[in-house]
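Below is one structure, written out as structure tokens; comments come after it.
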Amino acid sequence: MEYKKELLQSRIAGIKDPIQKRLLQDVLVDVFGELLDYSEQCFLDLEQKIEHEYSDPCSHYFIFTGICKKDGIDNASRSLFEVPLQKERDEADAGYLGTLFLACDYKAVLRCMANVYPVTVLTDKGEYATTAALCYSKRYQDTFRWLYEQFGANKRQWHTINCPYLYKLLDIIDQEAKVPKDAAVQKVSIQLGEFSDFVTDDLVLVWNVSKTICKPKTDIAAAGVSSYYIHQIPIDDPDAGYLAVPEAEELFSVVFSDCERHLLVRTENQAYHELEILKVEPYYPEKDHTQLLYPLQSNQRMMRPTDVQALSQPRLLWTKGEVARMLSAYQVFSEFELVDVRPGTQEDKMEVMDMNPFIRVHTFLKQKQKLVLILHARDPADIFRYEKMFFLLAELQLCTQEYQWTGVLQ
């Protein structure tokens, strides 16, 4: 508005006759002012149309993760919910005593998992002294893997989750099998030596995924010589992402109707009177009062016009500039500086697959030439810097099958 006002004033100032000046002022303000407003609106509409065409189709499915104390969850939150573990303790978890959170960096966690420690376990059947080892939390890992599988079943692209807290949650496993399997564990005291001050045992993961049970409207449609069931589910929030979880279906399809605002879930085996839906909630910081212990993390990215255009171009050369462009689309990359990209050597032993089991496929396990991503963490005291780097490496790995990516922090 300011430049338009200056333009009109400059035109009017050149007229000396007061009557002509008044007439010109009326013409400029009423006519040309409206034309300028119309031009600006047309330009804005064009910008929005272009942005919509270049918009990331995954924008409704970004996963936000955080960690907090059990009593720090906001029960009225519209965005963040406790991660529900898919499996309870069973025979496969023999020796499981509990889960702790170790607020140390990646290398310190690896050292802790390489040793055994004395523990005292208080149960409803008495107190036991034994030794225990630490490993990544199996039930949390399985839960995140299950979520990844739902994205695949719904034909929704979701590459890697950025959840550094997942790799600080460690299961305590009884190495001597002294604690009875049917005993209810009430308290576990573990001595980790120099790392004991970094242990917390009452934390839970939260994410922006909620689970609801819907009662869809069901119809039967013909497809050649067979038929299938169409479940129509109304959508209450167009800014959220939706995933269908039909229990008895290995193959099904989901169609999102933007104009009519409903999901169409097509199944072959049966019609569902109740259908489980996962809703990926948009995150509104001002409406959420969950008491997070660390900043929220996400796999959020911004697809710019150059990124969309690059998707249709073959990537033959992995230059530093090309890698910087790809990584800069992710929000978490702002916490790093790209130092260099170089061919790998025998000394580069750090594997991205160790931290991202969700993208492990047989092609990744073949012998390949290594490329090394050298990053500098802007905050060298950040205990999650390695896990964040592994998230970025996983995204690079998914863009190519001819190289194997590894990383170095400087």
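Within each chain, counting starts at residue 1; across the structure tokens, chains are named A, B, ... in the order shown, with ligands numbered 1 upward in that order.
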I'd like the neighbourhood of Pro180 (chain A) as JSON, numbers by chain, where a residue qualifies if any of its atoms comes within 9 Å (using only C-alpha atoms), though same-chain residues fewer than 4 positions away should be ignored.
{"A": [95, 125, 184]}
Env of Pro343 (chain A): 6 Å cut, atoms = only C-alpha atoms, seq-sep filter 4 positions within chain, self excluded. Answer as a ChimeraX atom specification.
/A:370-372
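Taking CA of Ser298 (chain A) as the reference point, CA of Gly66 (chain A) is found at 8.9 Å.
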Nearest to Pro282 (chain A) by atom-to-atom distance, counting only C-alpha atoms, from A:Ser79, A:Asn269, A:Thr120, A:Thr131:
A:Ser79
Tyr140 (chain A) environment, 12 Å, only C-alpha atoms, sequence neighbours closer than 5 positions dropped, as a PyMOL selection string:
chain A and resi 82-89+99-100+135+145-147+163+165-171+204-206
Serialized selection, N, CA and C atoms, as a short mmCIF file (atom, residue, chain, number, x, y, z; two decimals), in the first residue's frame:
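Written output follows (out_26.cif):
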```
data_model
loop_
_atom_site.label_atom_id
_atom_site.label_comp_id
_atom_site.auth_asym_id
_atom_site.auth_seq_id
_atom_site.Cartn_x
_atom_site.Cartn_y
_atom_site.Cartn_z
N GLU A 82 0.20 -39.57 23.59
CA GLU A 82 1.18 -40.58 23.98
C GLU A 82 1.25 -41.68 22.92
N VAL A 83 2.45 -42.11 22.62
CA VAL A 83 2.64 -43.19 21.65
C VAL A 83 2.13 -44.49 22.27
N PRO A 84 1.06 -45.09 21.74
CA PRO A 84 0.54 -46.33 22.31
C PRO A 84 1.35 -47.52 21.84
N LEU A 85 1.91 -48.28 22.77
CA LEU A 85 2.73 -49.42 22.39
C LEU A 85 1.84 -50.51 21.80
N GLN A 86 2.27 -51.06 20.68
CA GLN A 86 1.47 -52.06 19.98
C GLN A 86 1.42 -53.39 20.70
N LYS A 87 2.50 -53.70 21.42
CA LYS A 87 2.57 -55.01 22.07
C LYS A 87 2.82 -54.84 23.56
N GLU A 88 2.12 -55.65 24.34
CA GLU A 88 2.40 -55.71 25.76
C GLU A 88 3.51 -56.73 26.00
N ARG A 89 3.98 -56.79 27.24
CA ARG A 89 5.03 -57.74 27.57
C ARG A 89 4.52 -59.17 27.38
N THR A 99 11.96 -49.97 31.06
CA THR A 99 12.55 -49.09 30.06
C THR A 99 13.02 -47.81 30.72
N LEU A 100 14.21 -47.35 30.35
CA LEU A 100 14.74 -46.10 30.88
C LEU A 100 15.11 -45.17 29.74
N CYS A 135 19.41 -52.40 25.72
CA CYS A 135 19.24 -52.46 24.27
C CYS A 135 18.13 -51.49 23.88
N ARG A 145 7.70 -48.99 13.69
CA ARG A 145 7.71 -49.80 12.46
C ARG A 145 6.28 -50.05 11.98
N TRP A 146 5.37 -50.32 12.92
CA TRP A 146 3.96 -50.53 12.58
C TRP A 146 3.38 -49.28 11.92
N LEU A 147 3.69 -48.11 12.44
CA LEU A 147 3.19 -46.88 11.83
C LEU A 147 3.73 -46.73 10.41
N CYS A 163 13.01 -39.00 14.96
CA CYS A 163 12.69 -39.18 16.38
C CYS A 163 13.96 -39.56 17.13
N TYR A 165 14.68 -39.24 20.14
CA TYR A 165 14.40 -39.77 21.49
C TYR A 165 14.22 -41.28 21.46
N LEU A 166 13.82 -41.82 20.31
CA LEU A 166 13.59 -43.25 20.20
C LEU A 166 14.84 -44.05 20.53
N TYR A 167 16.00 -43.49 20.26
CA TYR A 167 17.26 -44.20 20.46
C TYR A 167 17.93 -43.86 21.78
N LYS A 168 17.22 -43.15 22.63
CA LYS A 168 17.66 -42.97 24.03
C LYS A 168 16.82 -43.81 24.98
N LEU A 169 15.74 -44.40 24.47
CA LEU A 169 14.89 -45.27 25.27
C LEU A 169 15.44 -46.69 25.20
N LEU A 170 15.89 -47.20 26.33
CA LEU A 170 16.59 -48.49 26.38
C LEU A 170 15.85 -49.46 27.29
N ASP A 171 15.68 -50.68 26.81
CA ASP A 171 15.09 -51.75 27.62
C ASP A 171 16.15 -52.34 28.54
N VAL A 204 7.78 -40.77 28.58
CA VAL A 204 7.04 -41.41 27.49
C VAL A 204 7.22 -40.57 26.22
N LEU A 205 7.10 -41.24 25.09
CA LEU A 205 7.13 -40.55 23.79
C LEU A 205 5.73 -40.06 23.44
N VAL A 206 5.68 -38.92 22.78
CA VAL A 206 4.41 -38.41 22.25
C VAL A 206 4.59 -38.12 20.77
#
```
Go through A:Ala222, A:Ile161, A:Val119, A:Ile213 and flag the residue nearest Ala394 (chain A), using only C-alpha atoms for the distances.
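Of all the options, A:Ile161 lies closest to Ala394 (chain A).
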Given the choices A:His231, A:Gln150, A:Ala329, A:Trp318, which gets closest to Thr306 (chain A) if the distance is worked out from only C-alpha atoms?
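Distance minimum relative to Thr306 (chain A) lands on A:Ala329.
Distances to Thr345 (chain A) were evaluated for A:Tyr106, A:Tyr117, A:Tyr284, A:Trp405 using only C-alpha atoms, and the minimum falls at A:Trp405.
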Can you tell me, as number ranges by chain, what residues are no more than 12 Å from Val185 (chain A) when counting only C-alpha atoms, ignoring any on the same chain fewer than 6 positions away?
A: 89, 95-99, 120-128, 172, 174, 179
Can you list every residue in region 29-236 of chain A that DSSP puts in strand (DSSP E or B), as an NGL selection string?
:A and (64-69 or 81-82 or 96-102 or 116-123 or 126-136 or 169-174 or 185-190 or 199-200 or 203-207 or 209-214 or 217-223 or 226-234)
Env of region 74-76 of chain A: 8 Å cut, atoms = only C-alpha atoms, seq-sep filter 6 positions within chain, self excluded. Answer as a ChimeraX atom specification.
/A:288-291
Length of the CA of Val332 (chain A) to CA of Arg385 (chain A) vector [Å]
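Computed distance, CA of Val332 (chain A) to CA of Arg385 (chain A), equals 10.0 Å.
Using only C-alpha atoms, the smallest distance between any of A:Val408, A:Val255, A:Ile67, A:Cys112 and Gly193 (chain A) comes from A:Cys112.
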A:Lys368, A:Arg342, A:Arg266, A:Arg261 ranked by distance to Glu402 (chain A), top pick (using only C-alpha atoms)
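Smallest distance to Glu402 (chain A) is found for A:Lys368.
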